[in-house]
Amino acid sequence: MSTFIQKCDLLKFPHYNALCRHVAPMGSTAKEEMDKFWSKNTRLNRPVSPHVTIYKWSVPMMMSITHRGTGIALSGAISAFAVAALVLPGNYSYYLDLIHSLSVGPYLIGLAKFGIAFPLSYHTYNGIRHLCWDIGKGFKIPDVYRTGYIVLGLSIITSLALVVM
């Protein structure tokens with residue numbers, strides 16, 4: 001047993017003995033390891049990882065980025081509305097009347113409805129697509145593109161249907 005393990009305070013407790021059995025002292029810090037990594041890469045003249053600008057953009061790539069973006073936007077919007085509901089005076093009908101009094105017109109209202117409906121429907125349909133991937137279905141490249149186009153089509157159709165309502 002190494003001297004580090006002998007000094008381990010957890011060995012005083014028998015039920016923690018299994019945790020300290022394979023403990024070894026750290027030989028270096030994270031900064032030292034990072035410095036070794038960069039000096040080795042510089043010495044071997046290795047390039048830095050390629051930037052996204054060298055990649056050819058594809059439908060799955062854009063859909064992945066959009067899925068993450070809609071997830072962040074939806075969680076941020078829900079959080080903002082929840083905080084606003086807690087902090088702002090008045091109730092829902094007061095703010096609904098306030099929006100009606102702005103007289104923004106049907107086209108702007110429709111655009112706002114689409115702006116709310118599309119991220120929600122897209123994130124939902126693409127989430128279902130990801131659940132199918134989790135069970136191992138649809139990993140072939142033609143299937144990835146086909147399901148991607150289906151998600152886009154369903155999202156647009158659903159959003160337009162919600163706007164018309």
# chains A, B, ... in the order shown; residues from 1 in each chain; ligands from 1

call {"tool": "select_by_dssp", "arguments": {"residues": "chain A", "states": "alpha helix (DSSP H)", "output": "JSON, numbers by chain"}}
result
{"A": [3, 4, 5, 6, 7, 17, 18, 19, 20, 30, 31, 32, 33, 34, 35, 36, 37, 38, 39, 40, 41, 42, 43, 59, 60, 61, 62, 63, 64, 65, 66, 67, 68, 69, 70, 71, 72, 73, 74, 75, 76, 77, 78, 79, 80, 81, 82, 83, 84, 85, 86, 87, 92, 93, 94, 95, 96, 97, 98, 99, 100, 101, 106, 107, 108, 109, 110, 111, 112, 113, 114, 115, 116, 117, 118, 119, 120, 121, 122, 123, 124, 125, 126, 127, 128, 129, 130, 131, 132, 133, 134, 141, 142, 143, 144, 145, 146, 147, 148, 149, 150, 151, 152, 153, 154, 155, 156, 157, 158, 159, 160, 161, 162, 163, 164]}

call {"tool": "residues_around", "arguments": {"residues": "segment 59-61 of chain A", "least_positions_apart": "2", "cutoff": "7 Å", "atoms": "only C-alpha atoms", "output": "list in words"}}
result
Trp57, Met63, Ser64, Ile65, Tyr145 and Gly148 of chain A

call {"tool": "write_last_selection", "arguments": {"atoms": "N, CA, C and O atoms", "output": "PDB file, in the first residue's frame"}}
result
ATOM      1  N   TRP A  57     -21.932  22.515 -45.313  1.00  0.00           N
ATOM      2  CA  TRP A  57     -23.145  22.499 -44.517  1.00  0.00           C
ATOM      3  C   TRP A  57     -24.124  21.482 -45.091  1.00  0.00           C
ATOM      4  O   TRP A  57     -24.280  21.383 -46.291  1.00  0.00           O
ATOM      5  N   MET A  63     -30.035  21.001 -38.874  1.00  0.00           N
ATOM      6  CA  MET A  63     -31.137  20.592 -38.009  1.00  0.00           C
ATOM      7  C   MET A  63     -30.665  20.384 -36.582  1.00  0.00           C
ATOM      8  O   MET A  63     -31.387  20.697 -35.628  1.00  0.00           O
ATOM      9  N   SER A  64     -29.455  19.896 -36.399  1.00  0.00           N
ATOM     10  CA  SER A  64     -28.901  19.728 -35.064  1.00  0.00           C
ATOM     11  C   SER A  64     -28.711  21.084 -34.393  1.00  0.00           C
ATOM     12  O   SER A  64     -29.077  21.271 -33.223  1.00  0.00           O
ATOM     13  N   ILE A  65     -28.145  22.024 -35.132  1.00  0.00           N
ATOM     14  CA  ILE A  65     -27.932  23.371 -34.583  1.00  0.00           C
ATOM     15  C   ILE A  65     -29.274  24.025 -34.277  1.00  0.00           C
ATOM     16  O   ILE A  65     -29.452  24.647 -33.216  1.00  0.00           O
ATOM     17  N   TYR A 145     -31.677  12.039 -43.817  1.00  0.00           N
ATOM     18  CA  TYR A 145     -32.161  13.141 -44.653  1.00  0.00           C
ATOM     19  C   TYR A 145     -33.682  13.102 -44.800  1.00  0.00           C
ATOM     20  O   TYR A 145     -34.353  14.133 -44.710  1.00  0.00           O
ATOM     21  N   GLY A 148     -35.355  14.147 -41.699  1.00  0.00           N
ATOM     22  CA  GLY A 148     -35.119  15.575 -41.522  1.00  0.00           C
ATOM     23  C   GLY A 148     -36.099  16.411 -42.318  1.00  0.00           C
ATOM     24  O   GLY A 148     -36.676  17.385 -41.819  1.00  0.00           O
TER      25      GLY A 148
END

call {"tool": "atom_distance", "arguments": {"atom1": "atom CA of Lys137 of chain A", "atom2": "atom CA of Gly153 of chain A"}}
result
19.9 Å

call {"tool": "atom_distance", "arguments": {"atom1": "atom CA of His51 of chain A", "atom2": "atom CA of Asp35 of chain A"}}
result
22.0 Å

call {"tool": "atom_distance", "arguments": {"atom1": "atom CA of Ala80 of chain A", "atom2": "atom CA of Ala112 of chain A"}}
result
16.6 Å

call {"tool": "residues_around", "arguments": {"residues": "Leu74 of chain A", "least_positions_apart": "2", "cutoff": "12 Å", "atoms": "only C-alpha atoms", "output": "PyMOL selection string"}}
result
chain A and resi 66-72+76-81+115-124

call {"tool": "residues_around", "arguments": {"residues": "segment 97-110 of chain A", "least_positions_apart": "5", "cutoff": "10 Å", "atoms": "only C-alpha atoms", "output": "MDAnalysis selection string"}}
result
chainID A and resid 92 115:116 160 162:165

call {"tool": "write_last_selection", "arguments": {"atoms": "C-alpha atoms", "output": "PDB file, in the first residue's frame"}}
result
ATOM      1  CA  TYR A  92     -53.282  37.713 -18.011  1.00  0.00           C
ATOM      2  CA  GLY A 115     -42.671  32.721 -34.394  1.00  0.00           C
ATOM      3  CA  ILE A 116     -44.041  30.961 -31.338  1.00  0.00           C
ATOM      4  CA  LEU A 160     -49.290  27.333 -40.325  1.00  0.00           C
ATOM      5  CA  LEU A 162     -51.771  26.991 -35.547  1.00  0.00           C
ATOM      6  CA  VAL A 163     -51.475  30.445 -37.112  1.00  0.00           C
ATOM      7  CA  VAL A 164     -54.792  30.010 -38.926  1.00  0.00           C
ATOM      8  CA  MET A 165     -56.589  28.997 -35.699  1.00  0.00           C
TER       9      MET A 165
END

call {"tool": "closest_residue", "arguments": {"among": "A:Val83, A:Ser28, A:Cys132, A:Tyr125", "to": "Ile157 of chain A", "atoms": "only C-alpha atoms"}}
result
A:Tyr125

call {"tool": "decode", "arguments": {"residues": "segment 143-159 of chain A", "atoms": "all heavy atoms", "output": "PDB file, in the first residue's frame"}}
result
ATOM      1  N   ASP A 143     -32.059   7.757 -44.559  1.00  0.00           N
ATOM      2  CA  ASP A 143     -33.103   7.902 -43.542  1.00  0.00           C
ATOM      3  C   ASP A 143     -32.938   9.194 -42.759  1.00  0.00           C
ATOM      4  O   ASP A 143     -33.928   9.847 -42.397  1.00  0.00           O
ATOM      5  CB  ASP A 143     -33.086   6.720 -42.566  1.00  0.00           C
ATOM      6  CG  ASP A 143     -33.496   5.416 -43.224  1.00  0.00           C
ATOM      7  OD1 ASP A 143     -34.153   5.484 -44.290  1.00  0.00           O
ATOM      8  OD2 ASP A 143     -33.168   4.343 -42.684  1.00  0.00           O
ATOM      9  N   VAL A 144     -31.702   9.576 -42.479  1.00  0.00           N
ATOM     10  CA  VAL A 144     -31.440  10.812 -41.740  1.00  0.00           C
ATOM     11  C   VAL A 144     -31.958  12.007 -42.532  1.00  0.00           C
ATOM     12  O   VAL A 144     -32.626  12.900 -41.982  1.00  0.00           O
ATOM     13  CB  VAL A 144     -29.929  10.952 -41.424  1.00  0.00           C
ATOM     14  CG1 VAL A 144     -29.615  12.330 -40.867  1.00  0.00           C
ATOM     15  CG2 VAL A 144     -29.476   9.871 -40.462  1.00  0.00           C
ATOM     16  N   TYR A 145     -31.677  12.039 -43.817  1.00  0.00           N
ATOM     17  CA  TYR A 145     -32.161  13.141 -44.653  1.00  0.00           C
ATOM     18  C   TYR A 145     -33.682  13.102 -44.800  1.00  0.00           C
ATOM     19  O   TYR A 145     -34.353  14.133 -44.710  1.00  0.00           O
ATOM     20  CB  TYR A 145     -31.494  13.102 -46.034  1.00  0.00           C
ATOM     21  CG  TYR A 145     -30.126  13.729 -46.041  1.00  0.00           C
ATOM     22  CD1 TYR A 145     -28.999  12.991 -45.717  1.00  0.00           C
ATOM     23  CD2 TYR A 145     -29.972  15.074 -46.367  1.00  0.00           C
ATOM     24  CE1 TYR A 145     -27.752  13.573 -45.722  1.00  0.00           C
ATOM     25  CE2 TYR A 145     -28.716  15.664 -46.375  1.00  0.00           C
ATOM     26  CZ  TYR A 145     -27.601  14.907 -46.044  1.00  0.00           C
ATOM     27  OH  TYR A 145     -26.369  15.483 -46.043  1.00  0.00           O
ATOM     28  N   ARG A 146     -34.236  11.905 -45.043  1.00  0.00           N
ATOM     29  CA  ARG A 146     -35.684  11.776 -45.234  1.00  0.00           C
ATOM     30  C   ARG A 146     -36.429  12.220 -43.987  1.00  0.00           C
ATOM     31  O   ARG A 146     -37.371  13.027 -44.078  1.00  0.00           O
ATOM     32  CB  ARG A 146     -36.044  10.326 -45.586  1.00  0.00           C
ATOM     33  CG  ARG A 146     -37.514  10.120 -45.895  1.00  0.00           C
ATOM     34  CD  ARG A 146     -37.822   8.689 -46.326  1.00  0.00           C
ATOM     35  NE  ARG A 146     -37.219   7.649 -45.511  1.00  0.00           N
ATOM     36  CZ  ARG A 146     -37.696   7.239 -44.335  1.00  0.00           C
ATOM     37  NH1 ARG A 146     -38.781   7.781 -43.837  1.00  0.00           N
ATOM     38  NH2 ARG A 146     -37.086   6.293 -43.649  1.00  0.00           N
ATOM     39  N   THR A 147     -36.017  11.745 -42.818  1.00  0.00           N
ATOM     40  CA  THR A 147     -36.708  12.137 -41.585  1.00  0.00           C
ATOM     41  C   THR A 147     -36.494  13.619 -41.284  1.00  0.00           C
ATOM     42  O   THR A 147     -37.371  14.269 -40.710  1.00  0.00           O
ATOM     43  CB  THR A 147     -36.253  11.281 -40.396  1.00  0.00           C
ATOM     44  OG1 THR A 147     -34.831  11.402 -40.231  1.00  0.00           O
ATOM     45  CG2 THR A 147     -36.647   9.839 -40.571  1.00  0.00           C
ATOM     46  N   GLY A 148     -35.355  14.147 -41.699  1.00  0.00           N
ATOM     47  CA  GLY A 148     -35.119  15.575 -41.522  1.00  0.00           C
ATOM     48  C   GLY A 148     -36.099  16.411 -42.318  1.00  0.00           C
ATOM     49  O   GLY A 148     -36.676  17.385 -41.819  1.00  0.00           O
ATOM     50  N   TYR A 149     -36.294  16.039 -43.584  1.00  0.00           N
ATOM     51  CA  TYR A 149     -37.251  16.762 -44.422  1.00  0.00           C
ATOM     52  C   TYR A 149     -38.683  16.573 -43.919  1.00  0.00           C
ATOM     53  O   TYR A 149     -39.502  17.497 -43.989  1.00  0.00           O
ATOM     54  CB  TYR A 149     -37.136  16.330 -45.877  1.00  0.00           C
ATOM     55  CG  TYR A 149     -35.866  16.813 -46.535  1.00  0.00           C
ATOM     56  CD1 TYR A 149     -35.010  15.922 -47.173  1.00  0.00           C
ATOM     57  CD2 TYR A 149     -35.512  18.154 -46.511  1.00  0.00           C
ATOM     58  CE1 TYR A 149     -33.837  16.360 -47.779  1.00  0.00           C
ATOM     59  CE2 TYR A 149     -34.347  18.608 -47.110  1.00  0.00           C
ATOM     60  CZ  TYR A 149     -33.511  17.705 -47.739  1.00  0.00           C
ATOM     61  OH  TYR A 149     -32.361  18.147 -48.321  1.00  0.00           O
ATOM     62  N   ILE A 150     -38.981  15.394 -43.378  1.00  0.00           N
ATOM     63  CA  ILE A 150     -40.314  15.157 -42.817  1.00  0.00           C
ATOM     64  C   ILE A 150     -40.537  16.063 -41.606  1.00  0.00           C
ATOM     65  O   ILE A 150     -41.605  16.673 -41.455  1.00  0.00           O
ATOM     66  CB  ILE A 150     -40.497  13.665 -42.439  1.00  0.00           C
ATOM     67  CG1 ILE A 150     -40.609  12.822 -43.703  1.00  0.00           C
ATOM     68  CG2 ILE A 150     -41.705  13.463 -41.541  1.00  0.00           C
ATOM     69  CD1 ILE A 150     -40.577  11.317 -43.457  1.00  0.00           C
ATOM     70  N   VAL A 151     -39.529  16.175 -40.750  1.00  0.00           N
ATOM     71  CA  VAL A 151     -39.634  17.050 -39.576  1.00  0.00           C
ATOM     72  C   VAL A 151     -39.851  18.492 -40.007  1.00  0.00           C
ATOM     73  O   VAL A 151     -40.711  19.202 -39.462  1.00  0.00           O
ATOM     74  CB  VAL A 151     -38.384  16.914 -38.670  1.00  0.00           C
ATOM     75  CG1 VAL A 151     -38.285  18.057 -37.676  1.00  0.00           C
ATOM     76  CG2 VAL A 151     -38.390  15.590 -37.942  1.00  0.00           C
ATOM     77  N   LEU A 152     -39.088  18.951 -40.996  1.00  0.00           N
ATOM     78  CA  LEU A 152     -39.257  20.327 -41.480  1.00  0.00           C
ATOM     79  C   LEU A 152     -40.655  20.548 -42.047  1.00  0.00           C
ATOM     80  O   LEU A 152     -41.308  21.555 -41.750  1.00  0.00           O
ATOM     81  CB  LEU A 152     -38.203  20.650 -42.527  1.00  0.00           C
ATOM     82  CG  LEU A 152     -36.796  20.898 -42.007  1.00  0.00           C
ATOM     83  CD1 LEU A 152     -35.818  21.035 -43.173  1.00  0.00           C
ATOM     84  CD2 LEU A 152     -36.758  22.127 -41.131  1.00  0.00           C
ATOM     85  N   GLY A 153     -41.122  19.614 -42.869  1.00  0.00           N
ATOM     86  CA  GLY A 153     -42.452  19.736 -43.468  1.00  0.00           C
ATOM     87  C   GLY A 153     -43.557  19.740 -42.419  1.00  0.00           C
ATOM     88  O   GLY A 153     -44.460  20.593 -42.454  1.00  0.00           O
ATOM     89  N   LEU A 154     -43.500  18.788 -41.486  1.00  0.00           N
ATOM     90  CA  LEU A 154     -44.512  18.731 -40.437  1.00  0.00           C
ATOM     91  C   LEU A 154     -44.487  19.978 -39.558  1.00  0.00           C
ATOM     92  O   LEU A 154     -45.544  20.467 -39.139  1.00  0.00           O
ATOM     93  CB  LEU A 154     -44.317  17.487 -39.571  1.00  0.00           C
ATOM     94  CG  LEU A 154     -44.748  16.155 -40.167  1.00  0.00           C
ATOM     95  CD1 LEU A 154     -44.350  15.000 -39.257  1.00  0.00           C
ATOM     96  CD2 LEU A 154     -46.245  16.143 -40.412  1.00  0.00           C
ATOM     97  N   SER A 155     -43.305  20.497 -39.304  1.00  0.00           N
ATOM     98  CA  SER A 155     -43.188  21.699 -38.476  1.00  0.00           C
ATOM     99  C   SER A 155     -43.830  22.899 -39.155  1.00  0.00           C
ATOM    100  O   SER A 155     -44.555  23.678 -38.513  1.00  0.00           O
ATOM    101  CB  SER A 155     -41.714  22.002 -38.177  1.00  0.00           C
ATOM    102  OG  SER A 155     -41.111  20.952 -37.482  1.00  0.00           O
ATOM    103  N   ILE A 156     -43.581  23.049 -40.437  1.00  0.00           N
ATOM    104  CA  ILE A 156     -44.162  24.174 -41.185  1.00  0.00           C
ATOM    105  C   ILE A 156     -45.680  24.024 -41.270  1.00  0.00           C
ATOM    106  O   ILE A 156     -46.430  24.973 -41.033  1.00  0.00           O
ATOM    107  CB  ILE A 156     -43.515  24.303 -42.566  1.00  0.00           C
ATOM    108  CG1 ILE A 156     -42.064  24.757 -42.411  1.00  0.00           C
ATOM    109  CG2 ILE A 156     -44.295  25.258 -43.457  1.00  0.00           C
ATOM    110  CD1 ILE A 156     -41.240  24.702 -43.684  1.00  0.00           C
ATOM    111  N   ILE A 157     -46.162  22.812 -41.590  1.00  0.00           N
ATOM    112  CA  ILE A 157     -47.604  22.577 -41.699  1.00  0.00           C
ATOM    113  C   ILE A 157     -48.296  22.817 -40.365  1.00  0.00           C
ATOM    114  O   ILE A 157     -49.324  23.490 -40.285  1.00  0.00           O
ATOM    115  CB  ILE A 157     -47.888  21.149 -42.226  1.00  0.00           C
ATOM    116  CG1 ILE A 157     -47.455  21.040 -43.693  1.00  0.00           C
ATOM    117  CG2 ILE A 157     -49.349  20.771 -42.061  1.00  0.00           C
ATOM    118  CD1 ILE A 157     -47.422  19.626 -44.229  1.00  0.00           C
ATOM    119  N   THR A 158     -47.728  22.284 -39.286  1.00  0.00           N
ATOM    120  CA  THR A 158     -48.307  22.467 -37.955  1.00  0.00           C
ATOM    121  C   THR A 158     -48.315  23.934 -37.564  1.00  0.00           C
ATOM    122  O   THR A 158     -49.298  24.443 -37.017  1.00  0.00           O
ATOM    123  CB  THR A 158     -47.536  21.641 -36.916  1.00  0.00           C
ATOM    124  OG1 THR A 158     -47.539  20.266 -37.300  1.00  0.00           O
ATOM    125  CG2 THR A 158     -48.134  21.782 -35.528  1.00  0.00           C
ATOM    126  N   SER A 159     -47.225  24.631 -37.826  1.00  0.00           N
ATOM    127  CA  SER A 159     -47.145  26.052 -37.476  1.00  0.00           C
ATOM    128  C   SER A 159     -48.160  26.867 -38.243  1.00  0.00           C
ATOM    129  O   SER A 159     -48.825  27.745 -37.668  1.00  0.00           O
ATOM    130  CB  SER A 159     -45.726  26.579 -37.752  1.00  0.00           C
ATOM    131  OG  SER A 159     -44.784  25.872 -36.999  1.00  0.00           O
TER     132      SER A 159
END
